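A quick write-up on the structure given underneath.
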Amino acid sequence: MSPQSIFIYEIDKSFGPNLLVEYCLTQLHVSKDILKEFTEKHVDKEFKFASVKKDNITYYSGRIEGVSKDEDNLYLGFISKEDEDLLSIKSAFDTILERIRRDYSNDKRALENLLKNSLNSILTLMEKLKEPAIIVDTINEKTKQMLDNGDLQEARELIELGEEVPEKLAEEIKLAEELLTEGSYKKSKKNYEKAAELAETIQEYEIASFLKHKAEEVGLFPDLLKEQDQLIKEIAKNIEELQGNRLHLYHEIVRPINRWIEISSSFEEQEKVPALLELLTNAKRADKFAKELFNIDIKIKEKFDSI
């Protein structure tokens, strides 16, 4: 995972989206058009987490909740040049949200520093997960500081943990990812949770937070799959009944199609999304025409009855 930029924006009910602050490692910036697309997805379609792909660049956005009662329309976004692992993006998003909720400020400079520290922290976190040796180096730095401060017992304990835990942590994460690929979501969740516990023992709290969020997301997959299957059956049933000219049923398939799109995004089924969006657009058009036909039908009946 390698986000290039991070930003916070607000969506005003009257004036639309407004970029508040951003921090960029490169020249990638979020445009007004992208923010407008996010507004449509978050406000009109009520997506909690959304993505937009344009010119081989992917933009991610999600709502920031829990900052304050007065700040209930804030959104956090990432920009990436690569096709990222959506599960990791969401987990990183939730990890950064914890920091933002804790340290949010209305001061623009302070907020810029918060984004800078958050992005750099996530990049460091991802490097640590790739290379356990980096975790060992971090432990060595911590123990050196402890020794300098005279915390001998705590330093000894951390040194002992540092000899075994980083390798065990890497093994648990690898196993969790293998189980995830196999579709063994419940087992994968347990391994991510176990990895998070190991990270906490060596005081890698941000890694632990990231892994906990990953476990939570994976834990949702079985129910999401069941819900997706039910939605597909519901849509298929309504479409079949529509063949009998029960045109009002077009209205009934809009919501499940919307939810299907959101679930497909959770499983990175991006190849389905364009077709699903077209299906949603046509369903909404059909619903509009059906309502017009219904109103016309009432007028015809009323006129007929009056003759």
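Identifiers in the structure tokens: chain A, B, ... in order shown; residue index from 1 per chain; ligand index from 1 in order shown.
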
Residues near stretch 146-155 of chain A, cut-off 12 Å, only C-alpha atoms, skip fewer than 5 positions along chain, as a PyMOL selection string: chain A and resi 139-141+160-162+201-203

Contacts of stretch 122-129 of chain A at 7 Å (only C-alpha atoms; same-chain gap of 2+ positions) as a VMD selection string: chain A and resid 1 to 2 92 118 to 120 131 to 132 134 to 135 207

File of the preceding selection, C-alpha atoms, as an mmCIF file, in the first residue's frame:
data_model
loop_
_atom_site.group_PDB
_atom_site.id
_atom_site.type_symbol
_atom_site.label_atom_id
_atom_site.label_comp_id
_atom_site.auth_asym_id
_atom_site.auth_seq_id
_atom_site.Cartn_x
_atom_site.Cartn_y
_atom_site.Cartn_z
ATOM 1 C CA MET A 1 0.000 0.000 0.000
ATOM 2 C CA SER A 2 1.462 3.327 -1.042
ATOM 3 C CA ALA A 92 -5.430 2.091 7.201
ATOM 4 C CA SER A 118 -0.678 10.145 9.757
ATOM 5 C CA LEU A 119 0.438 9.392 6.212
ATOM 6 C CA ASN A 120 4.074 8.883 7.171
ATOM 7 C CA GLU A 131 10.019 -6.401 6.721
ATOM 8 C CA PRO A 132 10.011 -7.810 10.293
ATOM 9 C CA ILE A 134 12.388 -3.080 10.712
ATOM 10 C CA ILE A 135 10.290 -3.982 13.752
ATOM 11 C CA ILE A 207 0.213 -2.029 13.847
#

Selection: 12 Å around A:Thr281, only C-alpha atoms, excl. self and same-chain fewer than 6 positions, as a ChimeraX atom specification: /A:45,250-251,253-255,257-258,274-275,287-288

Take the selection from the previous step and output its residues with N, CA and C atoms, as a PDB file, in the first residue's frame.
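Below is the file result_12.pdb, written as the result:
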ATOM      1  N   LYS A  45     -25.989   8.467  -2.739  1.00  0.00           N
ATOM      2  CA  LYS A  45     -26.061   7.004  -2.662  1.00  0.00           C
ATOM      3  C   LYS A  45     -25.799   6.473  -1.255  1.00  0.00           C
ATOM      4  N   TYR A 250     -40.125  -1.675 -10.120  1.00  0.00           N
ATOM      5  CA  TYR A 250     -38.828  -1.070 -10.450  1.00  0.00           C
ATOM      6  C   TYR A 250     -38.303  -0.276  -9.262  1.00  0.00           C
ATOM      7  N   HIS A 251     -39.219   0.338  -8.529  1.00  0.00           N
ATOM      8  CA  HIS A 251     -38.814   1.109  -7.346  1.00  0.00           C
ATOM      9  C   HIS A 251     -38.189   0.198  -6.290  1.00  0.00           C
ATOM     10  N   ILE A 253     -36.310  -2.430  -6.674  1.00  0.00           N
ATOM     11  CA  ILE A 253     -34.981  -2.992  -6.939  1.00  0.00           C
ATOM     12  C   ILE A 253     -33.869  -1.948  -6.859  1.00  0.00           C
ATOM     13  N   VAL A 254     -34.230  -0.670  -6.717  1.00  0.00           N
ATOM     14  CA  VAL A 254     -33.206   0.381  -6.654  1.00  0.00           C
ATOM     15  C   VAL A 254     -32.338   0.232  -5.411  1.00  0.00           C
ATOM     16  N   ARG A 255     -32.977   0.079  -4.241  1.00  0.00           N
ATOM     17  CA  ARG A 255     -32.215  -0.016  -2.989  1.00  0.00           C
ATOM     18  C   ARG A 255     -31.306  -1.241  -2.953  1.00  0.00           C
ATOM     19  N   ILE A 257     -29.993  -2.914  -5.418  1.00  0.00           N
ATOM     20  CA  ILE A 257     -28.900  -2.746  -6.385  1.00  0.00           C
ATOM     21  C   ILE A 257     -27.835  -1.830  -5.798  1.00  0.00           C
ATOM     22  N   ASN A 258     -28.275  -0.755  -5.164  1.00  0.00           N
ATOM     23  CA  ASN A 258     -27.349   0.175  -4.506  1.00  0.00           C
ATOM     24  C   ASN A 258     -26.478  -0.552  -3.493  1.00  0.00           C
ATOM     25  N   PRO A 274     -19.144  -1.186 -13.066  1.00  0.00           N
ATOM     26  CA  PRO A 274     -19.730  -0.442 -14.194  1.00  0.00           C
ATOM     27  C   PRO A 274     -21.082  -1.000 -14.640  1.00  0.00           C
ATOM     28  N   ALA A 275     -21.180  -2.333 -14.714  1.00  0.00           N
ATOM     29  CA  ALA A 275     -22.445  -2.947 -15.128  1.00  0.00           C
ATOM     30  C   ALA A 275     -23.534  -2.706 -14.084  1.00  0.00           C
ATOM     31  N   ASP A 287     -38.111   3.385 -12.988  1.00  0.00           N
ATOM     32  CA  ASP A 287     -38.969   3.763 -11.861  1.00  0.00           C
ATOM     33  C   ASP A 287     -39.657   5.103 -12.135  1.00  0.00           C
ATOM     34  N   LYS A 288     -38.888   6.029 -12.695  1.00  0.00           N
ATOM     35  CA  LYS A 288     -39.446   7.349 -13.021  1.00  0.00           C
ATOM     36  C   LYS A 288     -40.567   7.224 -14.055  1.00  0.00           C
TER      37      LYS A 288
END

A:Ile11, A:Leu97, A:Leu19, A:Leu231 ranked by distance to A:Lys41, top pick (using only C-alpha atoms):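 So, comparing all the options, the nearest one is A:Ile11.
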
Straight-line distance linking atom CA of A:Lys237 with atom CA of A:Gly183, stated in Å to one decimal: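 Interatomic distance here is 27.6 Å.
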
Strand (DSSP E or B) positions in stretch 12-182 of chain A, given as a PyMOL selection string: chain A and resi 12+16-24+49-54+57-64+68+71+74-80

Of the listed residues A:Phe221, A:Phe93, A:Tyr59, A:Phe210, that which approaches A:Ser31 most closely, counting only C-alpha atoms: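 Ranked by minimum distance to A:Ser31, first place goes to A:Tyr59.
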
Contacts of stretch 106-109 of chain A at 9 Å (only C-alpha atoms; same-chain gap of 4+ positions) as a ChimeraX atom specification: /A:20-21,113-114

Take the residues from that selection and put them in a file with C-alpha atoms, as a PDB file, in the first residue's frame.
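Saved result, part_30.pdb, follows:
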ATOM      1  CA  LEU A  20     -10.034  21.882   3.842  1.00  0.00           C
ATOM      2  CA  VAL A  21      -6.486  20.552   3.897  1.00  0.00           C
ATOM      3  CA  ASN A 113       0.858  18.327  10.388  1.00  0.00           C
ATOM      4  CA  LEU A 114      -1.680  15.768  11.559  1.00  0.00           C
TER       5      LEU A 114
END

Coordinates-based distance that separates atom CA of A:Val52 from atom CA of A:Ile6 (Å, one decimal):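 We find that atom CA of A:Ile6 and atom CA of A:Val52 lie 14.5 Å from each other.
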
Distance query A:Ala290 at most 7 Å, only C-alpha atoms, self and fewer than 4 positions along chain excluded, as a list in words: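 Surrounding residues, per the criterion: Leu247, His248, Ala286 and Phe294 of chain A.
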
From A:Arg99, A:Lys13, A:Lys130, A:Lys36, residue lying nearest A:Glu206 [only C-alpha atoms]: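 Result for the nearest residue to A:Glu206: A:Arg99.
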
Given only C-alpha atoms as the counted atoms, nearest of A:Glu46, A:Glu178, A:Glu204, A:Glu302 to A:Lys142: A:Glu204

DSSP alpha helix (DSSP H) residues within stretch 60-246 of chain A, listed as number ranges by chain: A: 86-103, 108-130, 132-148, 152-182, 185-201, 205-242

A:Glu98, A:Ser61, A:Lys168, A:Asp55 ranked by distance to A:Glu37, top pick (using only C-alpha atoms):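 Checking each candidate against A:Glu37, we get A:Ser61 as the closest.
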
Distance query A:His213 at most 9 Å, only C-alpha atoms, self and fewer than 2 positions along chain excluded, as a list in words: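 Answer for this query is Lys90, Ser91, Ala92, Asp94, Thr95, Ala208, Ser209, Phe210, Leu211, Ala215, Glu216, Glu217 and Val218 of chain A.
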
Atom pair atom CA of A:Ser5 / atom CA of A:Leu74: separation (Å):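 Distance between the two atoms: 17.0 Å.
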